[in-house]
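Asks: This is the structure I have questions about; it appears just below.
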Amino acid sequence: MKRNTSVEEEFFAYGEGANGAHNPNDHHFKAAPTPSPFSKIIQILLIIVLIALLIVLGIIGYMYAKKAFAEHQSAQPVAAVEKKKQHTSTTASQSSLISQGVSGTLSTPEHSKQSKSSLAAASLVSQSQQAAAVSSHKSPSTKVQSSVLTQKVQSASFVSEKVAQSTTNSSVSSALASVQASAEQTKKVASSSVGQKSVQEMSDEELIEYLRSLKPDQLKNIDIEKLILERKKSSGSKKKVAVAKTEYLNNQVVLDKNVQKKKKEATPIAQLSQKLAAIVKTPPVIKETKEKSYIKGLVQEAQTREAVNRYYIVAPGDTLSKIAKRFYGQASAYVKIYEANQDIIKDPKLIFPGQKLRIPKY
Amino acid sequence: MRIVVTLVLLVGLAFGAIKKKEDEIYLVKITPDIPYVYVDHKGVKVKVMRIQDTNHLLTDDYSKTSRPCPPFCIHPIKVDKRVKTVATVEVVKFMRDKVNSGKGIIIDARLPKWYYAETIPSAINVPFTFLESNPPKEKVVAFFKLLGAKEKNGKLDFSNAKELLIFCNGVWCDQSPRLIRNLIKYGYPTDKILYYRNGMQGWKLLGLTTVVEKGNFIKNSQTK
């Protein structure tokens, strides 16, 4: 028994001792588990929420940056033009002006890159490539504009040099090689109005490609001044994208043919409708009498539709019979007006100034 | 930690509020996600939206209930088993996805008089009488070529043809069903034709934007 007890005691003692020995650790160990599940869950939850919020923020920020970037892109050419204007005001010498203008236009890609990077660091590399492409394909037009200010020959030579420098390093060698190029070739390019015509029809990207493919001395022979002026005309019409005015009351967009002429653009839909209208225009030859009566009915319906859109705004002192007499010649025809406007007029004896009444024709 | 969380929350809420405010301008939207759609009508950009006045009533000719039947009879849901019938939301989405990208056209099958009086934005007028009057072959070929078909060995290949959404006055109107039947007769693929049965009346009843052409109004009424 004693042994047993002693063993038990020893055992307990050992156990207690062991517990006692590890008490400080144990306390820590035991104290931690009770609050730990909550705090850990809270921590994990917080981290998850934070990450989710960051992702959402990132997406929103990305979208806004994209928007701003798009606006920035569209604003780019304007900035370039303004730059050019500044150059014109500070005309010291023509040659320096040209070089400034050209270098200014050439520097636009870099400029856009910098601003873009500050705008949206997270935006993709592909975007930057696009931006570079956009700004670069806008540069020829500004280049052309700047050259308009100066003499043809000078500008042509400068532009050709700059283009040669900017496009590729190899173009320097090509420039050297082009000096040896035969006069016949240059004459050909100059005389081939076909090439110029196609240039005018080209899109900006195509034009850039085309200009890059040209040798510097070939570039000299292109009448850049003319080209720019003509491209200006066409691009000017492209930029005027005005939203049509919508009538507030009935949500109609009224296109007046006489007024609209100036604003019209040659969009694909406009062209298609024009061409289709030309084909469809011929009056139909319909022999069957049944058809004729159907179409006659349709035309009649269209005429009632035409008539239905007449309105009259009530003035002080008006009565329904007065209005009826004015439109139909008979005061008794007020019933027609009343019936057509039952949603507005509750009592035919009571109408109020400012009310908009529908006046049916029939 | 708390400060960061609250900051993030605040910024997120601010962005959300800005976005919500933009959408809230439109009390009457087309669908919960589409307040309006921009579409090109003959080179003019038109904003397609609904009338925002919730007290507005239709008072013009499209509120007319009765016309003699025949010919103005109520039409069944389908023109042809193979042609899909669509409703107004699909038309708006068609504008957004197909018309703006050049893949599809909205065709007004009514007589020019109707078309110029009032039409759906971006609609192109092809009166049903055109194909019904047996036009000469060159004209038919030129017509289908404009719609994206190609001529191969004297036959028309419609594999790249545009999607057409065809409408007329509404459920009581026979003009677009006639055009659709004729298009099928000439071999236009039925899966590229959509029939907007509600037509102008359905469009107007929802207060959606329409286009009125003034200069052409009387000039082009050929059938008079």
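Here's how to read the names in the structure tokens: chain A, B, ... by the order shown, residue numbers from 1 in each chain, ligand numbers from 1 in the order shown.
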Looking only at strand (DSSP E or B) from DSSP on the backbone, list the matching residues of range 10-201 of chain B as an MDAnalysis selection string.

Replies: chainID B and resid 37:41 44:48 50 84:86 104:108 119 123:125 150:152 155:157 163:167 193:196

Asks: Tell me which protein, DNA and RNA residues are within 9 Å of range 10-13 of chain B, counting only C-alpha atoms, leaving out same-chain ones fewer than 3 positions away, and put them as a list in words.

Replies: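 Skipping anything fewer than 3 positions along the chain leaves Leu53, Val56, Leu57 and Ile60 of chain A; Val5, Thr6, Leu7, Gly16, Ala17 and Ile18 of chain B.
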
Asks: Go ahead and dump the residues you just picked, C-alpha atoms, as a compact mmCIF listing (two decimals), in the first residue's frame.

Replies:
# COMPACT_ATOMS: atom_id res chain seq x y z
CA LEU A 53 -11.40 45.71 -50.31
CA VAL A 56 -12.21 46.16 -55.20
CA LEU A 57 -10.35 49.42 -54.79
CA ILE A 60 -12.23 50.78 -59.28
CA VAL B 5 -9.73 49.49 -42.51
CA THR B 6 -11.94 52.53 -41.94
CA LEU B 7 -10.04 54.49 -44.57
CA GLY B 16 -19.69 53.61 -54.76
CA ALA B 17 -21.63 56.78 -54.04
CA ILE B 18 -20.19 58.53 -57.09

Asks: In Å, rounded to a single decimal, give me how far CA of Leu357 in chain A is from CA of Tyr311 in chain A.

Replies: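 These atoms are spaced 5.4 Å apart.
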
Asks: Pick from B:Ile25, B:Ile74, B:Val212, B:Val89: nearest to Gly170 in chain B, with only C-alpha atoms counted?

Replies: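 Checking each of B:Ile25, B:Ile74, B:Val212, B:Val89 against Gly170 in chain B, counting only C-alpha atoms, the winner is B:Ile74.
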
Asks: Of the residues A:Tyr294, A:Tyr328, A:Tyr334, A:Phe352, which is the one nearest to chain B, using only C-alpha atoms?

Replies: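 Under the stated criterion, the closest residue is A:Tyr294.
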
Asks: Separation of CA of Pro189 in chain B and CA of Val280 in chain A, in Å?

Replies: 20.6 Å

Asks: Quick one: pull the distance between CA of Leu183 in chain B and CA of Gln300 in chain A, Å, one decimal.

Replies: 26.2 Å

Asks: Excluding range 196-200 of chain B and any residue of its chain fewer than 3 positions from it, enumerate the residues within 7 Å of it, using only C-alpha atoms, and give them as JSON, numbers by chain.

Replies: {"B": [85, 86, 87, 165, 166, 167, 168, 169, 170, 171, 203, 204]}

Asks: Selection from above, C-alpha atoms, as a PDB file, in the first residue's frame, can you write it?

Replies:
ATOM      1  CA  THR B  85     -39.387  37.148 -82.465  1.00  0.00           C
ATOM      2  CA  VAL B  86     -37.853  39.648 -80.057  1.00  0.00           C
ATOM      3  CA  ALA B  87     -39.101  42.250 -77.613  1.00  0.00           C
ATOM      4  CA  LEU B 165     -33.963  43.367 -86.913  1.00  0.00           C
ATOM      5  CA  ILE B 166     -37.184  44.186 -88.700  1.00  0.00           C
ATOM      6  CA  PHE B 167     -40.146  46.084 -87.331  1.00  0.00           C
ATOM      7  CA  CYS B 168     -43.170  48.061 -88.447  1.00  0.00           C
ATOM      8  CA  ASN B 169     -46.070  49.679 -86.611  1.00  0.00           C
ATOM      9  CA  GLY B 170     -46.828  46.940 -84.149  1.00  0.00           C
ATOM     10  CA  VAL B 171     -48.851  43.816 -83.570  1.00  0.00           C
ATOM     11  CA  TRP B 203     -41.533  51.271 -78.600  1.00  0.00           C
ATOM     12  CA  LYS B 204     -43.566  54.429 -78.058  1.00  0.00           C
TER      13      LYS B 204
END

Asks: Please identify which residues in range 24-142 of chain B DSSP calls alpha helix (DSSP H) from the backbone, and express them as number ranges by chain.

Replies: B: 24, 88-94, 112-117, 129-132, 137-142

Asks: Based on the selection just made, write C-alpha atoms of those residues as a PDB file, in the first residue's frame.

Replies:
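File result_3.pdb, as written:
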ATOM      1  CA  GLU B  24     -29.625  57.728 -60.246  1.00  0.00           C
ATOM      2  CA  THR B  88     -38.041  45.764 -76.720  1.00  0.00           C
ATOM      3  CA  VAL B  89     -35.100  44.990 -74.439  1.00  0.00           C
ATOM      4  CA  GLU B  90     -33.582  42.801 -77.131  1.00  0.00           C
ATOM      5  CA  VAL B  91     -33.903  45.686 -79.565  1.00  0.00           C
ATOM      6  CA  VAL B  92     -32.000  47.992 -77.222  1.00  0.00           C
ATOM      7  CA  LYS B  93     -29.324  45.365 -76.726  1.00  0.00           C
ATOM      8  CA  PHE B  94     -29.211  44.784 -80.477  1.00  0.00           C
ATOM      9  CA  PRO B 112     -41.415  55.999 -96.357  1.00  0.00           C
ATOM     10  CA  LYS B 113     -44.223  58.264 -95.189  1.00  0.00           C
ATOM     11  CA  TRP B 114     -44.360  56.375 -91.928  1.00  0.00           C
ATOM     12  CA  TYR B 115     -40.619  56.146 -91.629  1.00  0.00           C
ATOM     13  CA  TYR B 116     -40.018  59.857 -91.927  1.00  0.00           C
ATOM     14  CA  ALA B 117     -42.918  60.706 -89.647  1.00  0.00           C
ATOM     15  CA  THR B 129     -43.054  47.114-101.267  1.00  0.00           C
ATOM     16  CA  PHE B 130     -39.493  46.977-102.619  1.00  0.00           C
ATOM     17  CA  LEU B 131     -39.141  43.194-102.706  1.00  0.00           C
ATOM     18  CA  GLU B 132     -42.844  42.682-103.255  1.00  0.00           C
ATOM     19  CA  LYS B 137     -32.215  41.309-110.640  1.00  0.00           C
ATOM     20  CA  GLU B 138     -29.380  43.845-110.541  1.00  0.00           C
ATOM     21  CA  LYS B 139     -31.283  45.831-107.977  1.00  0.00           C
ATOM     22  CA  VAL B 140     -31.911  42.812-105.820  1.00  0.00           C
ATOM     23  CA  VAL B 141     -28.243  41.838-106.000  1.00  0.00           C
ATOM     24  CA  ALA B 142     -27.125  45.378-105.183  1.00  0.00           C
TER      25      ALA B 142
END

Asks: Considering only C-alpha atoms, return as a ChimeraX atom specification whatever protein or nucleic-acid residues lie within 7 Å of range 98-106 of chain B, sequence-local ones (same chain, fewer than 3 positions apart) excluded.

Replies: /B:39,94-95,122-124,162-166

Asks: Using only C-alpha atoms, determine which residues lie at most 12 Å from Gly58 in chain A, disregarding the query and same-chain residues fewer than 2 positions distant; provide the list as a list in words.

Replies: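 Contacts, with the query itself left out: Leu50, Ile51, Ala52, Leu53, Leu54, Ile55, Val56, Ile60, Gly61, Tyr62, Met63, Tyr64, Ala65, Lys66, Ala120, Ala121, Ala122 and Ser123 of chain A; Val8, Val11, Gly12 and Phe15 of chain B.
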
Asks: May I ask which of the residues A:Ala333, A:Ala340, A:Leu207, A:Leu45 is the closest one to chain B, counting only C-alpha atoms?

Replies: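 Checking each of A:Ala333, A:Ala340, A:Leu207, A:Leu45 against chain B, counting only C-alpha atoms, the winner is A:Ala340.
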